Every structure is written in C-alpha cells, then in structure tokens.
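Dropping upload.cif in here (mmCIF, C-alpha atoms (C1' of nucleotides)):
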data_run
loop_
_atom_site.label_atom_id
_atom_site.label_comp_id
_atom_site.auth_asym_id
_atom_site.auth_seq_id
_atom_site.Cartn_x
_atom_site.Cartn_y
_atom_site.Cartn_z
CA MET A 1321 -44.97 64.35 -156.39
CA ALA A 1322 -44.63 67.38 -158.55
CA ARG A 1323 -44.24 68.71 -162.00
CA THR A 1324 -43.81 66.11 -164.72
CA ARG A 1325 -41.16 66.21 -167.38
CA GLU A 1326 -42.45 68.16 -170.31
CA PHE A 1327 -40.31 66.93 -173.15
CA ASP A 1328 -40.12 63.52 -174.73
CA LEU A 1329 -36.87 61.94 -173.64
CA ASP A 1330 -36.71 59.64 -176.62
CA ALA A 1331 -37.33 62.47 -179.06
CA ALA A 1332 -34.51 64.45 -177.46
CA VAL A 1333 -32.10 61.53 -177.71
CA ASN A 1334 -33.15 61.08 -181.29
CA ALA A 1335 -32.45 64.70 -182.13
CA ALA A 1336 -29.10 64.46 -180.39
CA MET A 1337 -28.28 61.38 -182.44
CA ASP A 1338 -28.69 63.32 -185.65
CA VAL A 1339 -26.24 65.95 -184.48
CA PHE A 1340 -23.68 63.43 -183.26
CA ARG A 1341 -23.89 61.54 -186.52
CA ARG A 1342 -23.38 64.70 -188.52
CA LYS A 1343 -20.65 66.34 -186.45
CA GLY A 1344 -19.09 63.59 -184.38
CA TYR A 1345 -18.63 63.64 -180.63
CA GLU A 1346 -15.98 66.30 -180.20
CA GLY A 1347 -17.40 68.38 -183.01
CA THR A 1348 -20.73 68.65 -181.25
CA SER A 1349 -21.14 71.28 -178.56
CA MET A 1350 -23.71 71.46 -175.81
CA ARG A 1351 -25.09 74.46 -177.64
CA ASP A 1352 -25.70 72.32 -180.70
CA LEU A 1353 -27.41 69.71 -178.57
CA ALA A 1354 -29.58 72.24 -176.78
CA GLU A 1355 -30.59 73.74 -180.09
CA ALA A 1356 -31.37 70.39 -181.71
CA THR A 1357 -33.35 69.06 -178.77
CA GLY A 1358 -35.04 72.36 -178.02
CA LEU A 1359 -33.99 72.06 -174.39
CA GLY A 1360 -32.02 74.28 -172.10
CA SER A 1361 -28.61 72.97 -171.18
CA GLY A 1362 -29.81 72.66 -167.60
CA SER A 1363 -32.49 70.18 -168.60
CA ILE A 1364 -29.98 68.12 -170.52
CA TYR A 1365 -27.69 67.89 -167.54
CA ALA A 1366 -30.62 67.03 -165.29
CA ALA A 1367 -31.68 64.23 -167.61
CA PHE A 1368 -28.34 62.80 -168.74
CA GLY A 1369 -25.74 64.08 -166.32
CA SER A 1370 -23.20 65.09 -168.90
CA LYS A 1371 -22.35 65.20 -172.56
CA ASP A 1372 -20.94 61.70 -172.25
CA GLY A 1373 -24.14 60.53 -170.61
CA LEU A 1374 -26.21 61.83 -173.48
CA TYR A 1375 -23.83 60.23 -175.96
CA LEU A 1376 -24.22 56.87 -174.26
CA ALA A 1377 -28.01 57.27 -174.35
CA VAL A 1378 -27.74 58.03 -178.06
CA LEU A 1379 -25.63 54.94 -178.57
CA ASP A 1380 -28.20 52.81 -176.77
CA LEU A 1381 -31.00 54.24 -178.85
CA TYR A 1382 -29.04 53.61 -182.02
CA ARG A 1383 -28.52 50.04 -180.99
CA GLN A 1384 -32.17 49.60 -180.16
CA ARG A 1385 -33.39 51.27 -183.32
CA TYR A 1386 -30.97 49.95 -185.94
CA ALA A 1387 -28.98 46.99 -184.62
CA ALA A 1388 -31.80 45.19 -182.84
CA PRO A 1389 -34.15 45.11 -185.85
CA MET A 1390 -31.29 43.79 -187.92
CA VAL A 1391 -30.77 40.96 -185.46
CA ASP A 1392 -34.50 40.28 -185.41
CA LEU A 1393 -34.52 40.04 -189.17
CA LEU A 1394 -31.61 37.61 -189.12
CA ARG A 1395 -33.45 35.48 -186.58
CA SER A 1396 -36.80 35.62 -188.36
CA GLY A 1397 -36.34 32.11 -189.71
CA ASN A 1398 -36.40 33.13 -193.36
CA ASP A 1399 -33.90 31.96 -195.96
CA ALA A 1400 -30.35 32.78 -194.91
CA ARG A 1401 -29.11 34.26 -198.17
CA GLU A 1402 -32.30 36.23 -198.52
CA VAL A 1403 -32.20 37.92 -195.12
CA ILE A 1404 -28.47 38.58 -195.32
CA ARG A 1405 -29.02 40.26 -198.66
CA GLU A 1406 -31.79 42.31 -197.10
CA VAL A 1407 -29.47 43.42 -194.32
CA PHE A 1408 -26.86 44.55 -196.83
CA VAL A 1409 -29.37 46.32 -199.04
CA GLY A 1410 -30.80 48.01 -195.97
CA ALA A 1411 -27.34 49.15 -194.94
CA VAL A 1412 -26.64 50.63 -198.37
CA ASP A 1413 -30.02 52.37 -198.27
CA ASP A 1414 -29.20 53.77 -194.88
CA ILE A 1415 -25.82 55.03 -196.06
CA THR A 1416 -27.04 56.67 -199.23
CA GLY A 1417 -30.55 57.37 -197.97
CA ASP A 1418 -30.76 61.11 -197.59
CA GLY A 1419 -28.38 63.92 -198.29
CA ARG A 1420 -27.98 64.79 -194.65
CA HIS A 1421 -24.65 62.99 -194.45
CA LEU A 1422 -25.65 60.93 -191.45
CA ALA A 1423 -22.59 58.87 -190.77
CA CYS A 1424 -22.90 55.55 -189.01
CA LEU A 1425 -22.81 56.18 -185.31
CA ILE A 1426 -21.18 52.82 -184.68
CA VAL A 1427 -18.29 53.47 -187.04
CA GLY A 1428 -17.89 57.03 -185.83
CA ALA A 1429 -17.90 55.92 -182.22
CA SER A 1430 -15.38 53.19 -183.03
CA MET A 1431 -12.96 55.66 -184.51
CA GLU A 1432 -13.44 58.60 -182.20
CA ARG A 1433 -14.63 57.37 -178.83
CA ALA A 1434 -13.81 53.71 -178.34
CA HIS A 1435 -10.27 54.44 -177.18
CA GLN A 1436 -11.32 57.27 -174.90
CA ASP A 1437 -14.40 55.92 -173.15
CA LEU A 1438 -14.53 52.35 -171.88
CA ARG A 1439 -18.32 52.36 -171.69
CA VAL A 1440 -18.49 53.25 -175.37
CA ALA A 1441 -16.04 50.48 -176.24
CA GLU A 1442 -18.10 47.99 -174.27
CA ARG A 1443 -21.33 48.93 -176.02
CA LEU A 1444 -19.68 48.71 -179.42
CA ARG A 1445 -18.33 45.26 -178.69
CA SER A 1446 -21.69 44.11 -177.41
CA THR A 1447 -23.52 45.46 -180.44
CA THR A 1448 -21.22 43.91 -183.01
CA GLN A 1449 -21.12 40.66 -181.08
CA SER A 1450 -24.88 40.29 -181.03
CA LEU A 1451 -24.89 40.92 -184.76
CA GLU A 1452 -22.10 38.43 -185.33
CA LEU A 1453 -23.86 35.88 -183.17
CA ALA A 1454 -27.12 36.20 -185.07
CA LEU A 1455 -25.24 35.81 -188.34
CA HIS A 1456 -23.32 32.86 -186.95
CA ASP A 1457 -26.45 30.98 -185.91
CA LEU A 1458 -28.10 31.68 -189.23
CA LEU A 1459 -25.04 30.61 -191.21
CA ALA A 1460 -24.41 27.50 -189.14
CA GLU A 1461 -27.88 26.23 -189.91
CA ALA A 1462 -27.56 27.15 -193.57
CA GLN A 1463 -24.29 25.24 -193.69
CA LEU A 1464 -26.04 22.13 -192.35
CA ARG A 1465 -28.54 22.45 -195.15
CA GLY A 1466 -25.78 22.89 -197.68
CA GLN A 1467 -27.00 26.35 -198.65
CA VAL A 1468 -23.75 28.02 -197.67
CA THR A 1469 -20.15 26.95 -198.08
CA SER A 1470 -18.59 24.97 -195.28
CA ASP A 1471 -15.06 25.84 -196.33
CA ARG A 1472 -15.02 28.46 -193.61
CA SER A 1473 -16.46 28.34 -190.13
CA ALA A 1474 -19.74 30.14 -189.51
CA THR A 1475 -17.87 32.32 -187.03
CA ASP A 1476 -15.39 33.53 -189.64
CA LEU A 1477 -18.09 34.08 -192.23
CA ALA A 1478 -20.15 36.07 -189.76
CA GLY A 1479 -17.19 38.20 -188.73
CA PHE A 1480 -16.33 38.81 -192.33
CA LEU A 1481 -19.86 39.95 -193.16
CA VAL A 1482 -19.87 42.42 -190.28
CA THR A 1483 -16.48 43.65 -191.45
CA SER A 1484 -17.90 44.22 -194.90
CA LEU A 1485 -20.84 46.14 -193.48
CA GLN A 1486 -18.49 48.44 -191.62
CA GLY A 1487 -16.40 48.85 -194.73
CA LEU A 1488 -19.47 49.86 -196.73
CA ARG A 1489 -20.17 52.61 -194.21
CA VAL A 1490 -16.68 53.99 -194.63
CA MET A 1491 -16.79 53.80 -198.41
CA GLY A 1492 -20.19 55.45 -198.36
CA ALA A 1493 -18.76 58.34 -196.37
CA ILE A 1494 -16.04 58.84 -198.98
CA ASN A 1495 -18.26 58.40 -202.00
CA PRO A 1496 -21.96 57.71 -201.50
CA ASP A 1497 -22.45 55.91 -204.80
CA ARG A 1498 -25.41 53.65 -204.23
CA ALA A 1499 -24.90 51.49 -207.30
CA ALA A 1500 -21.22 50.92 -206.57
CA LEU A 1501 -21.85 50.08 -202.92
CA THR A 1502 -24.54 47.62 -203.97
CA ARG A 1503 -22.12 45.86 -206.27
CA TYR A 1504 -19.46 45.70 -203.56
CA ALA A 1505 -22.05 44.17 -201.25
CA GLU A 1506 -22.92 41.59 -203.89
CA VAL A 1507 -19.28 40.59 -204.18
CA ALA A 1508 -19.16 40.16 -200.42
CA LEU A 1509 -22.14 37.82 -200.57
CA THR A 1510 -20.34 35.57 -203.07
CA CYS A 1511 -18.09 34.54 -200.18
CA LEU A 1512 -20.98 32.39 -199.00
CA ASN A 1513 -20.73 30.22 -202.12
CA MET B 683 18.28 86.53 -196.70
CA ALA B 684 18.19 85.57 -193.09
CA ARG B 685 17.68 82.94 -190.53
CA THR B 686 16.74 79.49 -191.83
CA ARG B 687 14.05 77.24 -190.48
CA GLU B 688 15.42 75.20 -187.60
CA PHE B 689 13.04 72.29 -187.31
CA ASP B 690 12.39 69.37 -189.63
CA LEU B 691 9.04 69.95 -191.30
CA ASP B 692 8.49 66.30 -192.07
CA ALA B 693 9.25 65.25 -188.52
CA ALA B 694 6.75 67.77 -187.23
CA VAL B 695 4.04 66.53 -189.58
CA ASN B 696 4.83 63.01 -188.52
CA ALA B 697 4.46 63.84 -184.85
CA ALA B 698 1.21 65.63 -185.59
CA MET B 699 -0.05 62.56 -187.44
CA ASP B 700 0.36 60.44 -184.34
CA VAL B 701 -1.73 62.83 -182.31
CA PHE B 702 -4.46 63.13 -184.94
CA ARG B 703 -4.65 59.35 -185.26
CA ARG B 704 -4.95 58.93 -181.52
CA LYS B 705 -7.36 61.76 -180.74
CA GLY B 706 -9.08 62.62 -184.00
CA TYR B 707 -9.30 66.05 -185.54
CA GLU B 708 -11.65 67.83 -183.15
CA GLY B 709 -10.19 66.01 -180.17
CA THR B 710 -6.73 67.39 -180.89
CA SER B 711 -5.91 70.88 -179.69
CA MET B 712 -3.18 73.19 -180.88
CA ARG B 713 -1.61 72.68 -177.47
CA ASP B 714 -1.41 68.94 -178.16
CA LEU B 715 0.15 69.63 -181.54
CA ALA B 716 2.65 72.12 -180.17
CA GLU B 717 3.63 69.67 -177.46
CA ALA B 718 3.95 66.72 -179.85
CA THR B 719 5.95 68.61 -182.45
CA GLY B 720 8.02 70.52 -179.92
CA LEU B 721 7.18 73.75 -181.72
CA GLY B 722 5.65 76.96 -180.57
CA SER B 723 2.22 77.67 -181.93
CA GLY B 724 3.63 80.59 -183.84
CA SER B 725 5.94 78.33 -185.81
CA ILE B 726 3.08 75.98 -186.63
CA TYR B 727 0.95 78.81 -187.98
CA ALA B 728 3.89 80.20 -189.94
CA ALA B 729 4.51 76.82 -191.55
CA PHE B 730 0.97 75.51 -192.07
CA GLY B 731 -1.34 78.47 -191.75
CA SER B 732 -3.93 76.82 -189.56
CA LYS B 733 -4.97 73.63 -187.84
CA ASP B 734 -6.70 72.57 -191.05
CA GLY B 735 -3.54 73.24 -193.01
CA LEU B 736 -1.52 71.02 -190.73
CA TYR B 737 -4.20 68.34 -190.97
CA LEU B 738 -4.04 68.40 -194.74
CA ALA B 739 -0.27 68.12 -194.60
CA VAL B 740 -0.67 65.13 -192.30
CA LEU B 741 -3.12 63.57 -194.73
CA ASP B 742 -0.66 64.03 -197.57
CA LEU B 743 2.14 62.48 -195.58
CA TYR B 744 -0.08 59.56 -194.65
CA ARG B 745 -0.89 59.02 -198.27
CA GLN B 746 2.74 59.19 -199.27
CA ARG B 747 3.91 56.94 -196.48
CA TYR B 748 1.20 54.28 -196.40
CA ALA B 749 -1.00 54.40 -199.48
CA ALA B 750 1.72 54.93 -202.07
CA PRO B 751 3.85 51.94 -201.01
CA MET B 752 0.72 49.82 -201.13
CA VAL B 753 0.09 50.90 -204.70
CA ASP B 754 3.73 50.25 -205.57
CA LEU B 755 3.46 46.75 -204.17
CA LEU B 756 0.33 46.08 -206.20
CA ARG B 757 2.11 47.28 -209.33
CA SER B 758 5.31 45.39 -208.66
CA GLY B 759 4.39 42.72 -211.21
CA ASN B 760 4.32 39.84 -208.75
CA ASP B 761 1.54 37.29 -208.51
CA ALA B 762 -1.83 38.97 -207.98
CA ARG B 763 -3.14 36.80 -205.16
CA GLU B 764 0.22 36.97 -203.45
CA VAL B 765 0.56 40.74 -203.38
CA ILE B 766 -3.09 41.23 -202.44
CA ARG B 767 -2.60 38.89 -199.53
CA GLU B 768 0.48 40.87 -198.55
CA VAL B 769 -1.53 44.07 -198.59
CA PHE B 770 -4.17 42.58 -196.34
CA VAL B 771 -1.63 41.08 -193.95
CA GLY B 772 0.16 44.39 -193.84
CA ALA B 773 -3.08 46.17 -193.02
CA VAL B 774 -3.84 43.78 -190.18
CA ASP B 775 -0.31 44.25 -188.88
CA ASP B 776 -0.75 47.99 -189.02
CA ILE B 777 -4.04 47.82 -187.16
CA THR B 778 -2.87 45.52 -184.40
CA GLY B 779 0.76 46.56 -184.53
CA ASP B 780 1.42 48.49 -181.38
CA GLY B 781 -0.67 49.29 -178.37
CA ARG B 782 -0.78 52.96 -179.14
CA HIS B 783 -4.24 52.76 -180.61
CA LEU B 784 -3.28 54.47 -183.81
CA ALA B 785 -6.49 54.52 -185.77
CA CYS B 786 -6.39 54.69 -189.53
CA LEU B 787 -6.20 58.30 -190.55
CA ILE B 788 -8.14 57.61 -193.73
CA VAL B 789 -11.08 56.05 -191.96
CA GLY B 790 -11.03 58.67 -189.24
CA ALA B 791 -10.91 61.46 -191.78
CA SER B 792 -13.72 59.84 -193.75
CA MET B 793 -15.99 59.79 -190.74
CA GLU B 794 -15.05 63.04 -189.09
CA ARG B 795 -13.80 65.45 -191.72
CA ALA B 796 -14.95 64.43 -195.17
CA HIS B 797 -18.31 66.14 -194.78
CA GLN B 798 -16.82 69.30 -193.29
CA ASP B 799 -13.82 69.98 -195.47
CA LEU B 800 -13.95 69.60 -199.22
CA ARG B 801 -10.19 69.41 -199.55
CA VAL B 802 -10.16 66.45 -197.18
CA ALA B 803 -12.92 64.73 -199.13
CA GLU B 804 -11.03 65.23 -202.36
CA ARG B 805 -7.83 63.74 -200.95
CA LEU B 806 -9.70 60.76 -199.60
CA ARG B 807 -11.36 60.08 -202.94
CA SER B 808 -8.07 60.41 -204.74
CA THR B 809 -6.31 58.06 -202.34
CA THR B 810 -8.92 55.32 -202.48
CA GLN B 811 -9.23 55.69 -206.23
CA SER B 812 -5.54 55.19 -206.83
CA LEU B 813 -5.70 52.11 -204.64
CA GLU B 814 -8.77 50.83 -206.47
CA LEU B 815 -7.17 51.50 -209.80
CA ALA B 816 -4.01 49.60 -208.92
CA LEU B 817 -6.13 46.69 -207.74
CA HIS B 818 -8.25 46.88 -210.87
CA ASP B 819 -5.27 46.68 -213.20
CA LEU B 820 -3.79 43.83 -211.26
CA LEU B 821 -7.06 41.91 -211.17
CA ALA B 822 -7.88 42.51 -214.83
CA GLU B 823 -4.63 40.93 -215.86
CA ALA B 824 -5.10 38.05 -213.43
CA GLN B 825 -8.55 37.48 -214.88
CA LEU B 826 -7.07 37.19 -218.36
CA ARG B 827 -4.73 34.53 -217.04
CA GLY B 828 -7.60 32.73 -215.36
CA GLN B 829 -6.08 33.19 -211.92
CA VAL B 830 -9.06 35.13 -210.64
CA THR B 831 -12.78 34.70 -211.18
CA SER B 832 -14.35 36.55 -214.08
CA ASP B 833 -17.84 36.33 -212.59
CA ARG B 834 -17.42 39.90 -211.42
CA SER B 835 -15.75 42.83 -213.09
CA ALA B 836 -12.28 43.79 -211.98
CA THR B 837 -13.72 47.14 -210.95
CA ASP B 838 -16.22 45.57 -208.58
CA LEU B 839 -13.67 43.20 -207.15
CA ALA B 840 -11.24 46.05 -206.57
CA GLY B 841 -13.90 48.17 -204.88
CA PHE B 842 -14.92 45.29 -202.72
CA LEU B 843 -11.36 44.66 -201.59
CA VAL B 844 -10.89 48.29 -200.60
CA THR B 845 -14.19 48.12 -198.76
CA SER B 846 -12.95 45.09 -196.85
CA LEU B 847 -9.74 46.88 -195.95
CA GLN B 848 -11.72 49.79 -194.52
CA GLY B 849 -13.95 47.37 -192.66
CA LEU B 850 -10.93 45.68 -191.10
CA ARG B 851 -9.78 49.03 -189.77
CA VAL B 852 -13.12 49.61 -188.10
CA MET B 853 -13.29 46.12 -186.65
CA GLY B 854 -9.74 46.51 -185.40
CA ALA B 855 -10.72 49.66 -183.56
CA ILE B 856 -13.54 47.83 -181.82
CA ASN B 857 -11.59 44.69 -181.05
CA PRO B 858 -7.95 44.46 -182.15
CA ASP B 859 -7.88 40.67 -182.39
CA ARG B 860 -5.14 39.89 -184.86
CA ALA B 861 -6.08 36.27 -185.44
CA ALA B 862 -9.73 37.09 -186.02
CA LEU B 863 -8.96 39.94 -188.40
CA THR B 864 -6.62 37.68 -190.34
CA ARG B 865 -9.37 35.10 -190.77
CA TYR B 866 -11.82 37.76 -191.92
CA ALA B 867 -9.27 38.92 -194.46
CA GLU B 868 -8.86 35.37 -195.70
CA VAL B 869 -12.60 35.07 -196.24
CA ALA B 870 -12.51 38.28 -198.24
CA LEU B 871 -9.81 36.83 -200.47
CA THR B 872 -12.00 33.84 -201.29
CA CYS B 873 -14.16 36.22 -203.32
CA LEU B 874 -11.44 36.10 -205.95
CA ASN B 875 -12.12 32.39 -206.54
"C1'" DG C 1399 -56.29 76.85 -153.29
"C1'" DC C 1400 -52.00 75.75 -150.92
"C1'" DG C 1401 -47.58 74.03 -149.94
"C1'" DA C 1402 -44.26 70.94 -151.61
"C1'" DT C 1403 -41.76 69.20 -155.29
"C1'" DA C 1404 -39.50 68.66 -159.53
"C1'" DC C 1405 -38.62 70.51 -164.00
"C1'" DT C 1406 -37.16 74.52 -167.07
"C1'" DT C 1407 -34.75 78.51 -167.92
"C1'" DT C 1408 -31.19 81.76 -167.63
"C1'" DG C 1409 -26.86 83.57 -166.62
"C1'" DT C 1410 -22.31 82.63 -165.54
"C1'" DC C 1411 -18.30 80.07 -164.11
"C1'" DG C 1412 -13.21 78.81 -165.02
"C1'" DA C 1413 -10.97 76.42 -168.55
"C1'" DT C 1414 -9.66 75.80 -172.98
"C1'" DC C 1415 -10.38 76.55 -177.85
"C1'" DG C 1416 -7.91 78.30 -182.44
"C1'" DT C 1417 -5.55 82.21 -183.60
"C1'" DT C 1418 -2.62 86.31 -183.56
"C1'" DC C 1419 0.97 89.27 -182.22
"C1'" DC C 1420 5.23 90.60 -180.27
"C1'" DA C 1421 9.80 90.61 -178.35
"C1'" DG C 1422 14.01 88.07 -178.54
"C1'" DA C 1423 17.12 85.06 -181.04
"C1'" DT C 1424 19.64 83.65 -185.07
"C1'" DA C 1425 21.75 83.35 -189.51
"C1'" DG C 1426 23.01 85.32 -194.18
"C1'" DC C 1427 24.89 89.45 -196.61
"C1'" DG C 1428 27.68 93.55 -197.31
"C1'" DC D 1379 31.06 93.20 -187.46
"C1'" DG D 1380 26.60 95.45 -188.07
"C1'" DC D 1381 22.24 95.23 -190.54
"C1'" DT D 1382 18.27 93.06 -191.50
"C1'" DA D 1383 15.21 89.55 -192.68
"C1'" DT D 1384 13.34 85.54 -190.91
"C1'" DC D 1385 12.27 82.25 -187.42
"C1'" DT D 1386 11.14 81.11 -182.53
"C1'" DG D 1387 8.59 80.69 -178.16
"C1'" DG D 1388 5.32 82.41 -175.35
"C1'" DA D 1389 1.98 85.74 -173.87
"C1'" DA D 1390 -2.56 87.21 -174.76
"C1'" DC D 1391 -6.80 87.64 -177.66
"C1'" DG D 1392 -11.95 86.99 -178.03
"C1'" DA D 1393 -14.85 83.19 -178.50
"C1'" DT D 1394 -16.59 79.11 -177.05
"C1'" DC D 1395 -16.22 74.96 -174.42
"C1'" DG D 1396 -18.70 71.74 -170.75
"C1'" DA D 1397 -20.78 72.30 -166.47
"C1'" DC D 1398 -23.44 74.26 -162.82
"C1'" DA D 1399 -26.22 77.14 -159.48
"C1'" DA D 1400 -29.99 79.94 -158.70
"C1'" DA D 1401 -34.39 81.64 -159.87
"C1'" DG D 1402 -38.76 81.00 -162.02
"C1'" DT D 1403 -42.67 77.98 -163.25
"C1'" DA D 1404 -45.85 74.43 -163.51
"C1'" DT D 1405 -47.93 70.21 -161.47
"C1'" DC D 1406 -49.16 67.08 -157.96
"C1'" DG D 1407 -51.45 65.45 -153.33
"C1'" DC D 1408 -54.16 67.30 -149.96
#

For the file at hand, write its structure as structure tokens.
Amino acid sequence: MARTREFDLDAAVNAAMDVFRRKGYEGTSMRDLAEATGLGSGSIYAAFGSKDGLYLAVLDLYRQRYAAPMVDLLRSGNDAREVIREVFVGAVDDITGDGRHLACLIVGASMERAHQDLRVAERLRSTTQSLELALHDLLAEAQLRGQVTSDRSATDLAGFLVTSLQGLRVMGAINPDRAALTRYAEVALTCLN
Amino acid sequence: MARTREFDLDAAVNAAMDVFRRKGYEGTSMRDLAEATGLGSGSIYAAFGSKDGLYLAVLDLYRQRYAAPMVDLLRSGNDAREVIREVFVGAVDDITGDGRHLACLIVGASMERAHQDLRVAERLRSTTQSLELALHDLLAEAQLRGQVTSDRSATDLAGFLVTSLQGLRVMGAINPDRAALTRYAEVALTCLN
DNA sequence: GCGATACTTTGTCGATCGTTCCAGATAGCG
DNA sequence: CGCTATCTGGAACGATCGACAAAGTATCGC
C-alpha cells in the first residue's frame, strides 16, 4: 500500500457539476474543471480517465442527489396529489433558487450530449424512466382510489408530468420567473382532475 | 462598384442552422460551418462578423421559419382547440421527423447560450413571448365562447402550453417515441377542459 | 527509518480553436 | 478594355483545447 488519495472524490465531482451546469459540456475546459475542483489535471485524469469520464460521474451524482430523492418522495406513501405538488414546487425552487444560473444537467445533457455519447443517452433514459415509473405506480394507485382521473392511463399521465417538469426547466432558463413557473406547474397538475 | 456576392446568404444560414442544431454552439467549429456552407472562413467573417454573429442570424432564421408560421396558424381564426392541436402535432412531427437528430434550436440556445449572450437571451424571450401572446389571444376568445375552461387565466394556460411544447422537445431528445410524445401532448390539451 | 507504492504536480505535446490577413479572382464602371 | 472595388478561398496567427509523461511527494507495511 501507499499514499492515500488526498482529495474528496465526491466534492470534486460536485464542483465539476456546478461548472458543467453553468457552461455546458463543450463550453467547459479541463482548465475550468481543474480550477473548480482544486486539482491538477493529472489527478483528474488519474481519477476519471477523461473529460467524458468525469462528465459521466457528474451525471451519476446528479441522479443520486436530485433524481433519487424525488423518486423516494414519490414512493413515500403519502397522498399522491400532495407529493406530486411537492415535486413540482421543488423543481421550481431548484430552477429559480439562486442566481448562479445552474441549468438542469439532465436537460442540458439531453440537448448537448445525448446524441454524441451513448452512455449519456442511456443514463438519461434510465433516470427519466425511474421517475416515470415512480409516478406511474403512484398514479395507478390513486386512480384506484378515485383520487385521480382515469380518463388517461397512468403511464400517459406520468410521461406528461415528466414532460412538464422538463418544460419548466427550459422556461426557467429563458425567464426565471418563479411566480409564473409556479402557475404553469399548477395548470399541469389540473390534468390529474 | 464591383464584384457582387456569389453565394446565397439564406442558404448559408440554413446550412449553418443544421450544424448548430446537431452539434450545439460550442460543439460546432468554424471548420464545420465552412464545410456545411461551402464557404471559406473569410467569407463567413465578412458576412457575419463572427461565430456569434452567424449564430444570431441562424436564430433569426429559425424564428422566421418555425416560430412565425406557428403564430400565423394560431391567429388564422380557426377553432382554438383545433389549431392548438395542430401546433402540438406539428411539434411532435418536427421532433421525430427525420433521423438527423435535429434538436430544437430554441431549447438548445436556452440551455447553452442564454446565460452567456444577452442578445441570444433577448431573442429567446421575444420568440416565446410572441408565441405566448398568440396563444393568449386565442384562448381568451375561446374562453368567452365557453370552449375552454375559465378556471385559469388565458395567460397561465398559454404559458403552460408553451412549457409543454418545450418539454416535448426535451423528451424527444431523450427518447424520440412519436406515439408516446403524441399521448403526452394529448394529456396537455386536456388542461383546456 | 526504509523501500515500495500510489497520488499530486508540472510542463508539454500535437491538434484544433476562433480569427485575421493576403493573394487571386471577378464583376461593374468609364 | 483597363481600372478598381469587392468578394473568395486558403494559409497562418496566437491561444487554448484534451491528454499525457515524468518528476516530486507523501504514506503505508515492515
């Protein structure tokens, strides 16, 4: 055995995520990443192999930090309408949260990287699918209880809600008006009636 | 006077648009643009000044070619639900149309360029606002006729519809499933009930 | 405390970036 | 037809890109 790694891998990935969200994949240079993580470029390559490798690690962290808790919330067993509203409010908060213009990594990756890197595309599909599935299960049960319309299948409703979430991210990037986004989200929720 | 410009400016901008939609702003190099337009880099700089200048021209052409006809359709005086459905179907067609993976320039620009270039941000706001306004006017009249719910303001409904359109673009980039996107769009339209 | 091992740093690689400049080509005007 | 203004294509610019190798440094088992 020998010298142990000195820096916190997770903290580095986290710092890299901020940069990627602000500048996008192509817009971010290894210099930017080295500066943000406080590492030498050599260390980054030793730890992640390449810029793509680091980006994939960032994507995984994003999924673990943002998508997974959302799924957990949806599966918490609480009232369907209530938790779905919470998810939407949380998304709007995230979009308009700080002034650092942190775009959604998922949306950015979808637009910029999905067509170029198969591993990115696969992760995106997996992430949205787990979210859709959690929504589907929640909605299906709520439909049985008559709390949600049965005019549409739970699958379609779930897909639509995810679509709306993505749309809110885009609208937020164009005009981060918290009140307006909240109202748009409320309209989306009326589709459950 | 002297020699006249030999190439078709509009055709060049059009070719550049394809590249930007496929590769994004940062992912596109001047080499790519020169190759796609068939021009030398000198001609591009003479005509557009810079890469940014060409990108702005592309954005304007996109607006003129795709957003403006949409607004015209919404203002054509036909039945509200009918034309809105047409807009959504057209969007889904556009997303899943060919296999060339042509992402929506508006969404791409929103994610990648809006925070970096004020002129881009301004164009994006103007484009979405004109679309929202056309929807608003259409919906307000439909509300008066009782064809559309009055539970929500026409403004909120219009904003929500644009949000859904943006969301469809993102979902299409992740998984270009035409049937699924169509069903999501149909759910969105039920918000007008 | 010593050798072995793994991590960090630094400098540099060829390639490519956006941009500029120049020589040649071309069309209008006298 | 010659002059000249403008456009064209390509060469070349410095800067920066992602990636890597070598050298230095710190930590472990012994």

Problem set entry | Distance of atom CA of Gly1492 of chain A from atom CA of Leu817 of chain B, expressed in Å to one decimal place |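 We find that atom CA of Leu817 of chain B and atom CA of Gly1492 of chain A lie 19.0 Å from each other.
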
Care to translate the PyMOL selection byres ((chain C) within 12 of (chain B)) into actual residues of this file, as a PDB file with C-alpha atoms (C1' of nucleotides), in the coordinates of the input?
ATOM      1  C1'  DT C1414      -9.660  75.800-172.980  1.00  0.00           C
ATOM      2  C1'  DC C1415     -10.380  76.550-177.850  1.00  0.00           C
ATOM      3  C1'  DG C1416      -7.910  78.300-182.440  1.00  0.00           C
ATOM      4  C1'  DT C1417      -5.550  82.210-183.600  1.00  0.00           C
ATOM      5  C1'  DT C1418      -2.620  86.310-183.560  1.00  0.00           C
ATOM      6  C1'  DC C1419       0.970  89.270-182.220  1.00  0.00           C
ATOM      7  C1'  DC C1420       5.230  90.600-180.270  1.00  0.00           C
ATOM      8  C1'  DA C1423      17.120  85.060-181.040  1.00  0.00           C
ATOM      9  C1'  DT C1424      19.640  83.650-185.070  1.00  0.00           C
ATOM     10  C1'  DA C1425      21.750  83.350-189.510  1.00  0.00           C
ATOM     11  C1'  DG C1426      23.010  85.320-194.180  1.00  0.00           C
ATOM     12  C1'  DC C1427      24.890  89.450-196.610  1.00  0.00           C
ATOM     13  C1'  DG C1428      27.680  93.550-197.310  1.00  0.00           C
TER      14       DG C1428
END

Problem set entry | the PyMOL selection byres ((chain B) within 6 of (chain A)) resolved against shown file, as a ChimeraX atom specification | /B:708-709,790,792-793,838,842,845-846,848-850,855-856,866,873

For this session: Using the chain letters and numbers from the file, give me the residues hit by the PyMOL selection byres ((chain D) within 12 of (chain B)), as a list of chain:residue names.
Result: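 For this structure, the PyMOL selection byres ((chain D) within 12 of (chain B)) captures D:DC1381, D:DT1382, D:DA1383, D:DT1384, D:DC1385, D:DT1386, D:DG1387, D:DG1388, D:DA1389.
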
Exercise. What is the distance, in Å and to one decimal place, between atom C1' of DG1396 of chain D and atom C1' of DT1410 of chain C?
Worked result: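 Separation between atom C1' of DG1396 of chain D and atom C1' of DT1410 of chain C: 12.6 Å.
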
Problem set entry | Separation of atom CA of Ala1474 of chain A from atom CA of His1456 of chain A in Å |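 We find that atom CA of His1456 of chain A and atom CA of Ala1474 of chain A lie 5.2 Å from each other.
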
For this session: Do a neighbour search on Ile1404 of chain A at 10 Å with all atoms listed in the file, toss out local chain neighbours closer than 6 positions, and write the hits as a ChimeraX atom specification.
Result: /A:1390,1393-1394,1398,1410,1455,1458-1459,1481,1509

Exercise. With only C-alpha atoms (C1' of nucleotides) as the basis for distance, which of A:Asp1352, A:Asp1413, A:Asp1330, A:Asp1338 is at the shortest distance from DT1394 of chain D?
Worked result: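 Comparing A:Asp1352, A:Asp1413, A:Asp1330, A:Asp1338 against DT1394 of chain D, the winner is A:Asp1352.
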
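Taking only C-alpha atoms (C1' of nucleotides) into account, those protein, DNA and RNA residues with any atom at most 12 Å away from (8.8, 67.1, -186.9) amount to Arg687, Glu688, Phe689, Asp690, Leu691, Asp692, Ala693, Ala694, Val695, Asn696, Ala697, Ala698, Met699, Asp700, Leu715, Ala716, Glu717, Ala718, Thr719, Gly720, Leu721, Ser725, Ile726, Ala729, Leu736, Ala739, Val740 and Leu743 of chain B.
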
Problem set entry | For Pro1389 of chain A: contacts at 12 Å, all atoms listed in the file, fewer than 2 positions along chain excluded, given as a list in words |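 My reading of the contact set: Leu1381, Tyr1382, Arg1383, Gln1384, Arg1385, Tyr1386, Ala1387, Val1391, Asp1392, Leu1393, Leu1394, Arg1395, Ser1396, Val1403, Glu1406, Val1407, Gly1410, Thr1447, Ser1450, Leu1451 and Ala1454 of chain A.
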